[in-house]
$ cat model-v5.txt   # compact mmCIF, C-alpha atoms (C1' of nucleotides)
# COMPACT_ATOMS: atom_id res chain seq x y z
CA MET R 1 182.23 97.29 107.56
CA GLN R 2 183.00 96.25 111.10
CA ASP R 3 185.57 93.66 111.85
CA HIS R 4 183.10 90.96 112.78
CA GLU R 5 181.03 91.57 109.68
CA HIS R 6 184.13 91.13 107.62
CA LYS R 7 185.04 87.92 109.38
CA PHE R 8 181.55 86.51 108.86
CA ALA R 9 181.57 87.41 105.17
CA GLU R 10 184.92 85.74 104.83
CA TYR R 11 183.74 82.59 106.57
CA LEU R 12 180.63 82.33 104.41
CA ALA R 13 182.54 82.90 101.17
CA GLN R 14 185.07 80.28 102.11
CA LYS R 15 182.24 77.81 102.71
CA GLY R 16 180.44 78.73 99.53
CA LEU R 17 177.53 80.18 101.51
CA LYS R 18 175.73 83.41 100.86
CA LEU R 19 175.75 86.60 102.84
CA THR R 20 172.06 87.41 103.00
CA ALA R 21 170.18 90.27 104.58
CA PRO R 22 168.74 88.14 107.43
CA ARG R 23 172.19 86.83 108.28
CA LYS R 24 173.61 90.34 108.36
CA TYR R 25 170.92 91.57 110.71
CA ILE R 26 171.28 88.59 113.01
CA LEU R 27 175.02 89.11 113.26
CA LEU R 28 174.55 92.82 113.89
CA GLU R 29 172.03 92.34 116.66
CA ALA R 30 174.08 89.58 118.27
CA PHE R 31 176.94 92.03 118.59
CA LYS R 32 174.71 94.72 120.01
CA LEU R 33 173.63 92.42 122.81
CA HIS R 34 176.16 92.82 125.56
CA GLU R 35 174.93 90.07 127.79
CA HIS R 36 174.18 86.43 127.15
CA PHE R 37 171.16 85.73 125.03
CA ASN R 38 169.15 82.82 123.77
CA ALA R 39 167.76 82.28 120.28
CA GLU R 40 164.38 83.74 121.13
CA GLU R 41 165.85 86.89 122.65
CA LEU R 42 168.05 87.46 119.65
CA TYR R 43 165.03 86.90 117.43
CA GLU R 44 163.08 89.58 119.29
CA LYS R 45 165.90 92.05 118.75
CA VAL R 46 166.22 91.27 115.08
CA LYS R 47 162.47 91.53 114.59
CA ARG R 48 162.54 95.16 115.64
CA VAL R 49 164.81 95.93 112.72
CA THR R 50 163.41 93.55 110.14
CA PRO R 51 160.09 92.09 111.25
CA GLU R 52 159.98 89.62 108.40
CA VAL R 53 162.91 87.55 109.67
CA SER R 54 161.82 84.23 111.14
CA LEU R 55 162.86 82.47 114.30
CA ALA R 56 163.92 79.48 112.21
CA THR R 57 166.51 81.60 110.47
CA VAL R 58 167.92 82.75 113.78
CA TYR R 59 168.26 79.11 114.79
CA ARG R 60 169.88 78.36 111.48
CA THR R 61 172.31 81.26 111.67
CA LEU R 62 173.56 80.72 115.20
CA PRO R 63 175.61 77.62 114.33
CA LEU R 64 177.20 79.53 111.47
CA LEU R 65 178.21 82.33 113.79
CA MET R 66 179.70 79.79 116.14
CA GLU R 67 181.66 78.06 113.43
CA ALA R 68 182.89 81.42 112.27
CA GLY R 69 184.25 82.02 115.75
CA LEU R 70 182.05 85.04 116.37
CA VAL R 71 179.68 83.62 118.93
CA GLN R 72 180.08 80.89 121.50
CA SER R 73 177.62 78.92 123.55
CA ALA R 74 177.33 79.92 127.15
CA LEU R 75 175.79 78.56 130.29
CA ARG R 76 172.52 76.85 129.34
CA SER R 77 169.73 78.16 131.49
CA SER R 78 166.12 77.08 132.07
CA GLY R 79 166.15 74.62 129.23
CA ARG R 80 167.41 77.08 126.67
CA ASP R 81 170.73 77.22 124.92
CA ARG R 82 172.41 80.54 125.48
CA TYR R 83 175.06 82.37 123.54
CA GLU R 84 177.40 85.31 123.70
CA HIS R 85 179.43 87.06 121.06
CA ILE R 86 183.12 86.68 121.60
CA TYR R 87 184.98 88.19 118.74
CA GLY R 88 187.64 90.36 120.30
CA HIS R 89 186.36 89.76 123.82
CA PRO R 90 188.48 87.98 126.39
CA LYS R 91 187.02 84.73 127.65
CA HIS R 92 185.72 84.60 131.18
CA ILE R 93 184.59 82.33 133.93
CA HIS R 94 180.86 82.18 134.56
CA TRP R 95 179.55 81.94 138.09
CA LEU R 96 175.90 80.92 138.29
CA CYS R 97 174.02 81.31 141.53
CA ARG R 98 171.69 78.36 142.00
CA SER R 99 169.51 80.31 144.35
CA CYS R 100 168.85 83.65 142.64
CA GLY R 101 170.05 82.80 139.14
CA ALA R 102 172.52 85.65 138.99
CA ILE R 103 175.43 85.20 136.61
CA MET R 104 178.78 86.76 137.39
CA GLU R 105 181.92 86.78 135.32
CA THR R 106 185.58 86.84 136.16
CA ASP R 107 188.74 86.73 134.15
CA LEU R 108 189.76 83.39 132.67
CA GLN R 109 193.30 84.59 132.02
CA PRO R 110 194.86 83.26 135.24
CA ILE R 111 194.16 79.65 134.36
CA ASN R 112 194.99 79.84 130.68
CA GLU R 113 198.57 78.81 131.21
CA THR R 114 197.65 75.73 133.17
CA ILE R 115 195.18 74.71 130.52
CA ALA R 116 197.70 75.30 127.76
CA ALA R 117 200.17 73.08 129.57
CA GLN R 118 197.67 70.26 129.89
CA ALA R 119 196.61 70.69 126.27
CA LYS R 120 200.21 70.26 125.25
CA THR R 121 200.51 67.11 127.30
CA ILE R 122 197.54 65.41 125.68
CA ARG R 123 198.25 67.08 122.33
CA PHE R 124 194.84 68.73 122.14
CA GLU R 125 194.15 71.81 120.06
CA ALA R 126 191.83 73.86 122.27
CA GLN R 127 189.40 76.11 120.42
CA ASP R 128 186.82 76.91 123.03
CA ILE R 129 187.13 77.01 126.79
CA GLU R 130 184.03 77.02 128.94
CA LEU R 131 184.42 77.28 132.68
CA ASN R 132 181.16 77.35 134.58
CA ILE R 133 180.88 77.33 138.32
CA LYS R 134 177.60 76.78 140.08
CA GLY R 135 176.96 77.58 143.69
CA LEU R 136 175.73 80.44 145.81
CA CYS R 137 176.47 84.11 145.43
CA TRP R 138 177.31 86.08 148.55
CA LYS R 139 173.81 87.44 148.91
CA CYS R 140 172.25 83.99 148.86
CA THR R 141 174.93 82.54 151.13
CA ALA R 142 173.95 85.16 153.67
CA ASN R 143 170.29 84.26 153.38
CA ASP R 144 171.01 80.57 153.68
CA ASN R 145 172.99 81.01 156.87
CA GLU R 146 170.17 82.84 158.52
CA ASN R 147 167.58 80.21 157.75
CA GLN R 148 169.85 77.25 158.41
CA PRO R 149 171.22 77.52 161.94
CA ASP R 150 173.15 74.26 161.84
CA GLU R 151 175.20 72.89 158.98
CA SER R 152 177.02 69.83 160.39
CA MET A 1 175.80 49.10 152.00
CA GLN A 2 178.19 51.04 149.84
CA ASP A 3 179.25 54.51 150.71
CA HIS A 4 177.19 56.20 148.03
CA GLU A 5 174.09 54.24 148.94
CA HIS A 6 174.52 55.38 152.47
CA LYS A 7 174.93 58.97 151.46
CA PHE A 8 171.82 58.84 149.30
CA ALA A 9 169.76 57.27 152.09
CA GLU A 10 170.98 59.99 154.40
CA TYR A 11 170.09 62.72 151.97
CA LEU A 12 166.61 61.37 151.40
CA ALA A 13 165.91 60.92 155.09
CA GLN A 14 167.06 64.41 155.83
CA LYS A 15 164.65 65.69 153.19
CA GLY A 16 161.78 63.55 154.40
CA LEU A 17 161.83 61.56 151.16
CA LYS A 18 161.59 57.82 150.77
CA LEU A 19 164.23 55.35 149.70
CA THR A 20 162.33 53.27 147.17
CA ALA A 21 163.38 50.32 145.06
CA PRO A 22 163.47 52.30 141.79
CA ARG A 23 165.67 54.95 143.38
CA LYS A 24 168.06 52.33 144.68
CA TYR A 25 168.42 50.69 141.30
CA ILE A 26 168.92 53.99 139.55
CA LEU A 27 171.66 54.96 141.96
CA LEU A 28 173.32 51.58 141.62
CA GLU A 29 173.35 51.64 137.85
CA ALA A 30 174.56 55.22 137.76
CA PHE A 31 177.57 54.13 139.76
CA LYS A 32 178.21 51.16 137.53
CA LEU A 33 178.44 53.42 134.50
CA HIS A 34 182.01 54.57 134.29
CA GLU A 35 181.58 57.05 131.53
CA HIS A 36 179.19 59.92 131.03
CA PHE A 37 175.60 58.98 130.45
CA ASN A 38 172.31 60.62 129.66
CA ALA A 39 168.91 59.87 131.16
CA GLU A 40 167.93 57.46 128.42
CA GLU A 41 171.16 55.47 128.70
CA LEU A 42 170.80 55.16 132.43
CA TYR A 43 167.21 54.08 131.91
CA GLU A 44 168.30 51.32 129.55
CA LYS A 45 170.74 50.03 132.13
CA VAL A 46 168.19 50.10 134.91
CA LYS A 47 165.63 48.37 132.74
CA ARG A 48 167.87 45.32 132.44
CA VAL A 49 167.67 44.88 136.18
CA THR A 50 164.12 45.98 136.83
CA PRO A 51 162.15 46.29 133.59
CA GLU A 52 159.19 47.91 135.30
CA VAL A 53 161.00 51.15 136.14
CA SER A 54 159.94 54.04 133.94
CA LEU A 55 161.95 56.68 132.17
CA ALA A 56 160.02 59.34 134.05
CA THR A 57 161.35 58.03 137.32
CA VAL A 58 164.88 58.20 136.03
CA TYR A 59 164.28 61.81 135.10
CA ARG A 60 162.80 62.42 138.53
CA THR A 61 165.66 60.74 140.36
CA LEU A 62 168.56 62.41 138.60
CA PRO A 63 168.01 65.80 140.26
CA LEU A 64 167.91 64.08 143.63
CA LEU A 65 171.23 62.41 142.96
CA MET A 66 172.68 65.74 141.98
CA GLU A 67 171.41 67.49 145.06
CA ALA A 68 172.80 64.66 147.15
CA GLY A 69 176.20 65.36 145.62
CA LEU A 70 176.45 61.93 144.02
CA VAL A 71 176.09 62.85 140.40
CA GLN A 72 176.89 65.99 138.47
CA SER A 73 175.90 67.27 135.11
CA ALA A 74 178.50 66.94 132.40
CA LEU A 75 179.07 68.14 128.88
CA ARG A 76 175.71 68.29 127.14
CA SER A 77 175.88 66.46 123.87
CA SER A 78 173.58 66.14 120.85
CA GLY A 79 170.74 67.89 122.56
CA ARG A 80 170.78 65.70 125.64
CA ASP A 81 171.78 66.49 129.18
CA ARG A 82 174.56 64.23 130.33
CA TYR A 83 175.71 63.18 133.76
CA GLU A 84 178.49 61.41 135.58
CA HIS A 85 178.73 60.06 139.09
CA ILE A 86 181.24 61.90 141.19
CA TYR A 87 181.09 60.67 144.73
CA GLY A 88 184.65 59.98 145.75
CA HIS A 89 185.97 60.85 142.31
CA PRO A 90 188.17 63.86 141.79
CA LYS A 91 186.72 66.45 139.43
CA HIS A 92 188.28 66.72 136.03
CA ILE A 93 188.53 68.79 132.93
CA HIS A 94 186.65 67.52 129.90
CA TRP A 95 188.20 67.80 126.48
CA LEU A 96 185.72 67.23 123.67
CA CYS A 97 186.97 66.64 120.17
CA ARG A 98 184.68 68.37 117.70
CA SER A 99 185.79 66.11 114.91
CA CYS A 100 185.55 62.57 116.28
CA GLY A 101 183.52 63.25 119.42
CA ALA A 102 186.10 61.70 121.73
CA ILE A 103 186.04 62.92 125.30
CA MET A 104 189.23 63.04 127.31
CA GLU A 105 189.72 63.95 130.91
CA THR A 106 192.51 65.57 132.84
CA ASP A 107 192.98 66.61 136.40
CA LEU A 108 191.20 69.73 137.57
CA GLN A 109 193.36 70.02 140.65
CA PRO A 110 195.95 72.43 139.22
CA ILE A 111 193.42 75.20 138.73
CA ASN A 112 191.47 74.71 141.91
CA GLU A 113 193.56 77.20 143.82
CA THR A 114 193.09 79.91 141.26
CA ILE A 115 189.37 79.33 141.25
CA ALA A 116 189.24 79.34 145.04
CA ALA A 117 191.04 82.65 145.07
CA GLN A 118 188.59 84.21 142.62
CA ALA A 119 185.67 82.75 144.53
CA LYS A 120 186.93 84.41 147.64
CA THR A 121 187.25 87.73 145.86
CA ILE A 122 183.65 87.73 144.67
CA ARG A 123 182.49 85.94 147.82
CA PHE A 124 180.95 83.04 145.91
CA GLU A 125 180.40 79.62 147.41
CA ALA A 126 181.36 77.24 144.62
CA GLN A 127 179.56 73.90 144.64
CA ASP A 128 180.14 72.59 141.18
CA ILE A 129 182.93 73.32 138.77
CA GLU A 130 182.57 72.42 135.12
CA LEU A 131 185.47 73.03 132.80
CA ASN A 132 184.85 71.95 129.24
CA ILE A 133 187.24 72.50 126.40
CA LYS A 134 186.25 71.93 122.81
CA GLY A 135 188.67 71.57 119.97
CA LEU A 136 190.57 68.86 118.15
CA CYS A 137 192.26 65.82 119.60
CA TRP A 138 195.69 64.92 118.35
CA LYS A 139 194.39 62.28 115.96
CA CYS A 140 192.03 64.69 114.27
CA THR A 141 194.59 67.47 114.20
CA ALA A 142 196.83 65.10 112.29
CA ASN A 143 194.07 64.12 109.89
CA ASP A 144 193.13 67.72 109.27
CA ASN A 145 196.66 68.65 108.35
CA GLU A 146 197.34 65.73 106.05
CA ASN A 147 194.24 64.68 104.19
CA GLN A 148 192.18 67.77 103.66
CA PRO A 149 192.25 67.90 99.89
CA ASP A 150 188.50 68.02 99.32
CA GLU A 151 186.59 69.57 102.13
CA SER A 152 184.98 72.44 100.26
C1' DG W 1 149.41 45.85 160.52
C1' DG W 2 147.56 50.51 159.32
C1' DA W 3 147.36 55.33 158.36
C1' DA W 4 149.48 59.18 156.32
C1' DT W 5 152.20 60.56 152.74
C1' DA W 6 155.59 60.11 149.14
C1' DT W 7 156.28 57.77 144.78
C1' DT W 8 155.35 55.37 140.69
C1' DG W 9 154.04 54.18 135.74
C1' DC W 10 151.66 55.70 132.15
C1' DA W 11 150.26 58.74 128.86
C1' DA W 12 149.41 63.25 127.67
C1' DC W 13 151.80 67.53 127.51
C1' DT W 14 155.27 71.32 126.95
C1' DG W 15 158.44 74.11 124.91
C1' DA W 16 162.74 74.42 122.43
C1' DT W 17 164.82 73.28 118.27
C1' DT W 18 164.69 71.21 113.60
C1' DC W 19 162.74 70.06 109.36
C1' DT W 20 159.87 70.28 104.95
C1' DC W 21 158.82 72.61 101.00
C1' DA W 22 157.50 75.90 97.76
C1' DA W 23 158.82 80.59 96.92
C1' DT W 24 162.72 83.93 96.84
C1' DA W 25 167.27 86.06 96.95
C1' DC W 26 172.14 85.81 96.02
C1' DA W 27 176.63 85.31 93.21
C1' DG W 28 178.81 85.12 89.02
C1' DG W 29 178.83 84.94 84.07
C1' DG W 30 177.26 86.88 80.08
C1' DC M 1 172.31 94.89 84.28
C1' DC M 2 169.82 90.43 83.36
C1' DC M 3 169.89 85.17 83.79
C1' DT M 4 170.72 80.87 85.86
C1' DG M 5 171.99 77.61 89.20
C1' DT M 6 172.08 77.27 93.95
C1' DA M 7 171.60 78.53 98.64
C1' DT M 8 168.23 80.47 101.65
C1' DT M 9 164.01 81.85 103.45
C1' DG M 10 159.35 81.95 106.11
C1' DA M 11 155.67 79.42 107.85
C1' DG M 12 154.12 75.91 110.03
C1' DA M 13 154.35 71.02 110.93
C1' DA M 14 157.16 67.70 113.15
C1' DT M 15 160.38 66.03 116.57
C1' DC M 16 162.34 65.22 120.72
C1' DA M 17 164.04 65.71 125.43
C1' DG M 18 162.19 66.49 129.53
C1' DT M 19 157.92 67.31 132.64
C1' DT M 20 153.51 66.64 134.67
C1' DG M 21 148.67 64.99 136.22
C1' DC M 22 146.58 61.28 138.13
C1' DA M 23 145.00 57.05 140.08
C1' DA M 24 147.30 53.06 141.94
C1' DT M 25 151.14 51.52 144.96
C1' DA M 26 154.94 51.48 148.23
C1' DT M 27 157.33 53.29 152.29
C1' DT M 28 157.84 55.13 156.89
C1' DC M 29 156.68 55.33 161.40
C1' DC M 30 153.67 54.21 164.94

$ encode --input "model-v5.txt" --output "structure tokens"
Amino acid sequence: MQDHEHKFAEYLAQKGLKLTAPRKYILLEAFKLHEHFNAEELYEKVKRVTPEVSLATVYRTLPLLMEAGLVQSALRSSGRDRYEHIYGHPKHIHWLCRSCGAIMETDLQPINETIAAQAKTIRFEAQDIELNIKGLCWKCTANDNENQPDES
Amino acid sequence: MQDHEHKFAEYLAQKGLKLTAPRKYILLEAFKLHEHFNAEELYEKVKRVTPEVSLATVYRTLPLLMEAGLVQSALRSSGRDRYEHIYGHPKHIHWLCRSCGAIMETDLQPINETIAAQAKTIRFEAQDIELNIKGLCWKCTANDNENQPDES
DNA sequence: GGAATATTGCAACTGATTCTCAATACAGGG
DNA sequence: CCCTGTATTGAGAATCAGTTGCAATATTCC
């Protein structure tokens, strides 16, 4: 059993919940997805393995995965909540281009210390850090400059 | 005319849009609200001043205020998009307590440099920085440690 | 003041997420 | 292994935030 499966099983047991086949498959597929995904996308993946699983169950399982610390919510996009699995992955900064919709990631490590210091000051126990930056990627900046001769 | 009114008027003119009464009131009320708000809450405020304004118009105006750089989206909460006015206000980090729902704010300044450096590296033009941290505030940390006899 | 055009309120609509409920699967004890 | 009490499920209905079409209205600029 993989590490994340074990952690999920543990979490469920501790909560008095059951480790069912649908939940196993949803966890598995979530960890196969190596980009961000929304509920529907995860559902499509799971359906390929076990077609009888319903979208409702995916929606019901996602919060469990989050509480178990296996998945975290990511940059919401086009009206849909998005997620990413995080167990064992370092956190990162998300850069969303408002023009082309591209999402880039960089290391969050450099600011962790600063955040930890502030957390200490206000006595906050940080569990989840989400740093999203919206703007223009270099490609779209280039395009903008061409079409917009004057900026002042 | 206040500074933010002026900036909004300027933005609209530049876009060939009209400065209407509903838009003025929505802007005004948004700047009176000194916490985060969602569309419905802003609508309620506006309605007290001009009852004939519709919720749809609030929804239609919010994106304009964001594009004008007067309002920015904040921590989404209970399925609703939330906003805060920002014109002239320094950006800040949001700390959301998962237990009691309290939202605290701290200065974003200390990490700005780091972000600017990364932005430069990936050649990204940052317009909007959103740093949200979820966890437990000091009150709830205390509660969790002391009285947690029957949570199962 | 008048024309051209943007905007509005209203209600109907959309699409994501949640809920209801009867049927089913799981965990633990026998 | 089978039984029992409970948690869970699938399917579809329901909900709810946010959007849109449209005819009436307001604004801008001349």

$ atom_distance --input "model-v5.txt" --atom1 "CA of Ala9 in chain R" --atom2 "C1' of DT17 in chain W"
25.5 Å

$ interface_residues --input "model-v5.txt" --of "chain R" --to "chain M" --cutoff "12 Å" --atoms "all atoms listed in the file" --output "PyMOL selection string"
chain R and resi 12+15-23+51-58+60-61+78-80

$ residues_around --input "model-v5.txt" --residues "range 116-119 of chain R" --least-positions-apart "3" --cutoff "10 Å" --atoms "all atoms listed in the file" --output "PyMOL selection string"
(chain R and resi 111-113+122-126) or (chain A and resi 93+95+106-107+110+133+137-138)

$ calpha_fit_and_write --input "model-v5.txt" --fixed "chain A" --moving "chain R" --output "mmCIF file with C-alpha atoms, in the coordinates of the input"
data_model
loop_
_atom_site.group_PDB
_atom_site.id
_atom_site.type_symbol
_atom_site.label_atom_id
_atom_site.label_comp_id
_atom_site.auth_asym_id
_atom_site.auth_seq_id
_atom_site.Cartn_x
_atom_site.Cartn_y
_atom_site.Cartn_z
ATOM 1 C CA MET R 1 175.784 49.794 152.803
ATOM 2 C CA GLN R 2 178.154 51.624 150.514
ATOM 3 C CA ASP R 3 179.177 55.143 151.186
ATOM 4 C CA HIS R 4 177.104 56.656 148.417
ATOM 5 C CA GLU R 5 174.026 54.730 149.458
ATOM 6 C CA HIS R 6 174.440 56.097 152.923
ATOM 7 C CA LYS R 7 174.822 59.631 151.658
ATOM 8 C CA PHE R 8 171.698 59.326 149.518
ATOM 9 C CA ALA R 9 169.668 57.930 152.409
ATOM 10 C CA GLU R 10 170.852 60.780 154.554
ATOM 11 C CA TYR R 11 169.932 63.372 151.951
ATOM 12 C CA LEU R 12 166.453 61.935 151.468
ATOM 13 C CA ALA R 13 165.768 61.706 155.203
ATOM 14 C CA GLN R 14 166.878 65.265 155.703
ATOM 15 C CA LYS R 15 164.459 66.367 152.983
ATOM 16 C CA GLY R 16 161.628 64.266 154.313
ATOM 17 C CA LEU R 17 161.703 62.066 151.208
ATOM 18 C CA LYS R 18 161.497 58.320 151.076
ATOM 19 C CA LEU R 19 164.143 55.809 150.187
ATOM 20 C CA THR R 20 162.268 53.552 147.802
ATOM 21 C CA ALA R 21 163.319 50.465 145.910
ATOM 22 C CA PRO R 22 163.390 52.220 142.497
ATOM 23 C CA ARG R 23 165.568 54.986 143.893
ATOM 24 C CA LYS R 24 167.982 52.471 145.374
ATOM 25 C CA TYR R 25 168.346 50.621 142.101
ATOM 26 C CA ILE R 26 168.833 53.805 140.119
ATOM 27 C CA LEU R 27 171.566 54.964 142.467
ATOM 28 C CA LEU R 28 173.236 51.562 142.343
ATOM 29 C CA GLU R 29 173.267 51.376 138.573
ATOM 30 C CA ALA R 30 174.456 54.966 138.241
ATOM 31 C CA PHE R 31 177.489 54.045 140.300
ATOM 32 C CA LYS R 32 178.143 50.936 138.268
ATOM 33 C CA LEU R 33 178.338 52.986 135.097
ATOM 34 C CA HIS R 34 181.898 54.149 134.790
ATOM 35 C CA GLU R 35 181.436 56.444 131.863
ATOM 36 C CA HIS R 36 179.021 59.266 131.209
ATOM 37 C CA PHE R 37 175.440 58.266 130.679
ATOM 38 C CA ASN R 38 172.133 59.803 129.788
ATOM 39 C CA ALA R 39 168.746 59.126 131.360
ATOM 40 C CA GLU R 40 167.789 56.534 128.782
ATOM 41 C CA GLU R 41 171.028 54.597 129.171
ATOM 42 C CA LEU R 42 170.683 54.530 132.918
ATOM 43 C CA TYR R 43 167.095 53.388 132.486
ATOM 44 C CA GLU R 44 168.210 50.479 130.311
ATOM 45 C CA LYS R 45 170.662 49.382 132.981
ATOM 46 C CA VAL R 46 168.131 49.613 135.759
ATOM 47 C CA LYS R 47 165.562 47.715 133.719
ATOM 48 C CA ARG R 48 167.813 44.681 133.624
ATOM 49 C CA VAL R 49 167.648 44.478 137.393
ATOM 50 C CA THR R 50 164.081 45.586 137.966
ATOM 51 C CA PRO R 51 162.110 45.663 134.726
ATOM 52 C CA GLU R 52 159.139 47.353 136.324
ATOM 53 C CA VAL R 53 160.947 50.645 136.938
ATOM 54 C CA SER R 54 159.836 53.383 134.563
ATOM 55 C CA LEU R 55 161.825 55.907 132.604
ATOM 56 C CA ALA R 56 159.870 58.679 134.314
ATOM 57 C CA THR R 57 161.244 57.601 137.658
ATOM 58 C CA VAL R 58 164.782 57.714 136.339
ATOM 59 C CA TYR R 59 164.134 61.267 135.180
ATOM 60 C CA ARG R 60 162.669 62.080 138.546
ATOM 61 C CA THR R 61 165.534 60.554 140.499
ATOM 62 C CA LEU R 62 168.408 62.141 138.618
ATOM 63 C CA PRO R 63 167.829 65.629 140.055
ATOM 64 C CA LEU R 64 167.753 64.133 143.535
ATOM 65 C CA LEU R 65 171.081 62.443 142.973
ATOM 66 C CA MET R 66 172.495 65.721 141.769
ATOM 67 C CA GLU R 67 171.226 67.650 144.744
ATOM 68 C CA ALA R 68 172.645 64.986 146.989
ATOM 69 C CA GLY R 69 176.032 65.595 145.416
ATOM 70 C CA LEU R 70 176.320 62.074 144.050
ATOM 71 C CA VAL R 71 175.914 62.755 140.368
ATOM 72 C CA GLN R 72 176.708 65.777 138.257
ATOM 73 C CA SER R 73 175.681 66.827 134.796
ATOM 74 C CA ALA R 74 178.277 66.401 132.128
ATOM 75 C CA LEU R 75 178.798 67.474 128.570
ATOM 76 C CA ARG R 76 175.404 67.459 126.838
ATOM 77 C CA SER R 77 175.608 65.463 123.661
ATOM 78 C CA SER R 78 173.267 64.993 120.688
ATOM 79 C CA GLY R 79 170.395 66.734 122.372
ATOM 80 C CA ARG R 80 170.538 64.656 125.512
ATOM 81 C CA ASP R 81 171.536 65.650 128.993
ATOM 82 C CA ARG R 82 174.349 63.494 130.256
ATOM 83 C CA TYR R 83 175.509 62.667 133.736
ATOM 84 C CA GLU R 84 178.315 61.063 135.659
ATOM 85 C CA HIS R 85 178.593 59.931 139.236
ATOM 86 C CA ILE R 86 181.107 61.919 141.179
ATOM 87 C CA TYR R 87 181.033 60.893 144.765
ATOM 88 C CA GLY R 88 184.636 60.339 145.730
ATOM 89 C CA HIS R 89 185.888 60.908 142.195
ATOM 90 C CA PRO R 90 188.160 63.811 141.373
ATOM 91 C CA LYS R 91 186.709 66.295 138.923
ATOM 92 C CA HIS R 92 188.151 66.438 135.449
ATOM 93 C CA ILE R 93 188.294 68.432 132.288
ATOM 94 C CA HIS R 94 186.299 67.090 129.363
ATOM 95 C CA TRP R 95 187.689 67.326 125.863
ATOM 96 C CA LEU R 96 185.099 66.724 123.156
ATOM 97 C CA CYS R 97 186.205 66.110 119.608
ATOM 98 C CA ARG R 98 183.814 67.830 117.226
ATOM 99 C CA SER R 99 184.800 65.554 114.411
ATOM 100 C CA CYS R 100 184.662 62.018 115.825
ATOM 101 C CA GLY R 101 182.766 62.712 119.040
ATOM 102 C CA ALA R 102 185.413 61.192 121.260
ATOM 103 C CA ILE R 103 185.494 62.436 124.835
ATOM 104 C CA MET R 104 188.764 62.590 126.719
ATOM 105 C CA GLU R 105 189.389 63.563 130.298
ATOM 106 C CA THR R 106 192.265 65.195 132.078
ATOM 107 C CA ASP R 107 192.888 66.302 135.603
ATOM 108 C CA LEU R 108 191.161 69.469 136.776
ATOM 109 C CA GLN R 109 193.462 69.791 139.775
ATOM 110 C CA PRO R 110 195.997 72.162 138.187
ATOM 111 C CA ILE R 111 193.469 74.939 137.748
ATOM 112 C CA ASN R 112 191.658 74.520 141.036
ATOM 113 C CA GLU R 113 193.825 77.040 142.802
ATOM 114 C CA THR R 114 193.242 79.715 140.218
ATOM 115 C CA ILE R 115 189.526 79.147 140.382
ATOM 116 C CA ALA R 116 189.547 79.236 144.164
ATOM 117 C CA ALA R 117 191.357 82.555 144.054
ATOM 118 C CA GLN R 118 188.815 84.063 141.694
ATOM 119 C CA ALA R 119 185.956 82.640 143.746
ATOM 120 C CA LYS R 120 187.370 84.380 146.772
ATOM 121 C CA THR R 121 187.584 87.649 144.906
ATOM 122 C CA ILE R 122 183.944 87.643 143.866
ATOM 123 C CA ARG R 123 182.893 85.908 147.091
ATOM 124 C CA PHE R 124 181.316 82.964 145.294
ATOM 125 C CA GLU R 125 180.807 79.587 146.915
ATOM 126 C CA ALA R 126 181.656 77.140 144.130
ATOM 127 C CA GLN R 127 179.857 73.804 144.301
ATOM 128 C CA ASP R 128 180.281 72.426 140.833
ATOM 129 C CA ILE R 129 182.983 73.082 138.280
ATOM 130 C CA GLU R 130 182.448 72.112 134.674
ATOM 131 C CA LEU R 131 185.254 72.656 132.216
ATOM 132 C CA ASN R 132 184.479 71.525 128.700
ATOM 133 C CA ILE R 133 186.747 72.035 125.756
ATOM 134 C CA LYS R 134 185.609 71.425 122.222
ATOM 135 C CA GLY R 135 187.908 71.031 119.283
ATOM 136 C CA LEU R 136 189.721 68.308 117.417
ATOM 137 C CA CYS R 137 191.473 65.288 118.821
ATOM 138 C CA TRP R 138 194.871 64.397 117.413
ATOM 139 C CA LYS R 139 193.476 61.763 115.101
ATOM 140 C CA CYS R 140 191.019 64.170 113.517
ATOM 141 C CA THR R 141 193.585 66.966 113.339
ATOM 142 C CA ALA R 142 195.730 64.632 111.284
ATOM 143 C CA ASN R 143 192.863 63.838 108.953
ATOM 144 C CA ASP R 144 191.968 67.480 108.557
ATOM 145 C CA ASN R 145 195.488 68.447 107.574
ATOM 146 C CA GLU R 146 195.563 65.892 104.837
ATOM 147 C CA ASN R 147 192.329 67.015 103.255
ATOM 148 C CA GLN R 148 192.950 70.721 103.732
ATOM 149 C CA PRO R 149 196.238 71.636 102.071
ATOM 150 C CA ASP R 150 196.022 75.342 102.835
ATOM 151 C CA GLU R 151 194.862 76.963 106.042
ATOM 152 C CA SER R 152 195.650 80.691 105.655
#

$ closest_residue --input "model-v5.txt" --among "R:Leu62, R:Ala30, R:Val49, R:Cys100" --to "chain W" --atoms "all atoms listed in the file"
R:Leu62

$ interface_residues --input "model-v5.txt" --of "chain W" --to "chain R" --cutoff "12 Å" --atoms "only C-alpha atoms (C1' of nucleotides)" --output "ChimeraX atom specification"
/W:14-19,24-27

$ atom_distance --input "model-v5.txt" --atom1 "CA of Asp3 in chain A" --atom2 "CA of Asn132 in chain R"
28.0 Å

$ atom_distance --input "model-v5.txt" --atom1 "CA of His6 in chain A" --atom2 "CA of Leu70 in chain A"
10.9 Å

$ axis_aligned_box --input "model-v5.txt" --around "range 3-8 of chain W" --padding-each-side "4 Å" --output "JSON"
{"center_x": 151.8, "center_y": 57.9, "center_z": 149.5, "size_x": 16.9, "size_y": 13.2, "size_z": 25.7}

$ closest_residue --input "model-v5.txt" --among "R:Arg76, R:His4, R:Lys47, R:His85" --to "chain A" --atoms "only C-alpha atoms"
R:Arg76

$ residues_around --input "model-v5.txt" --residues "His92 in chain A" --least-positions-apart "6" --cutoff "9 Å" --atoms "only C-alpha atoms (C1' of nucleotides)" --output "ChimeraX atom specification"
/A:105-109,129-131
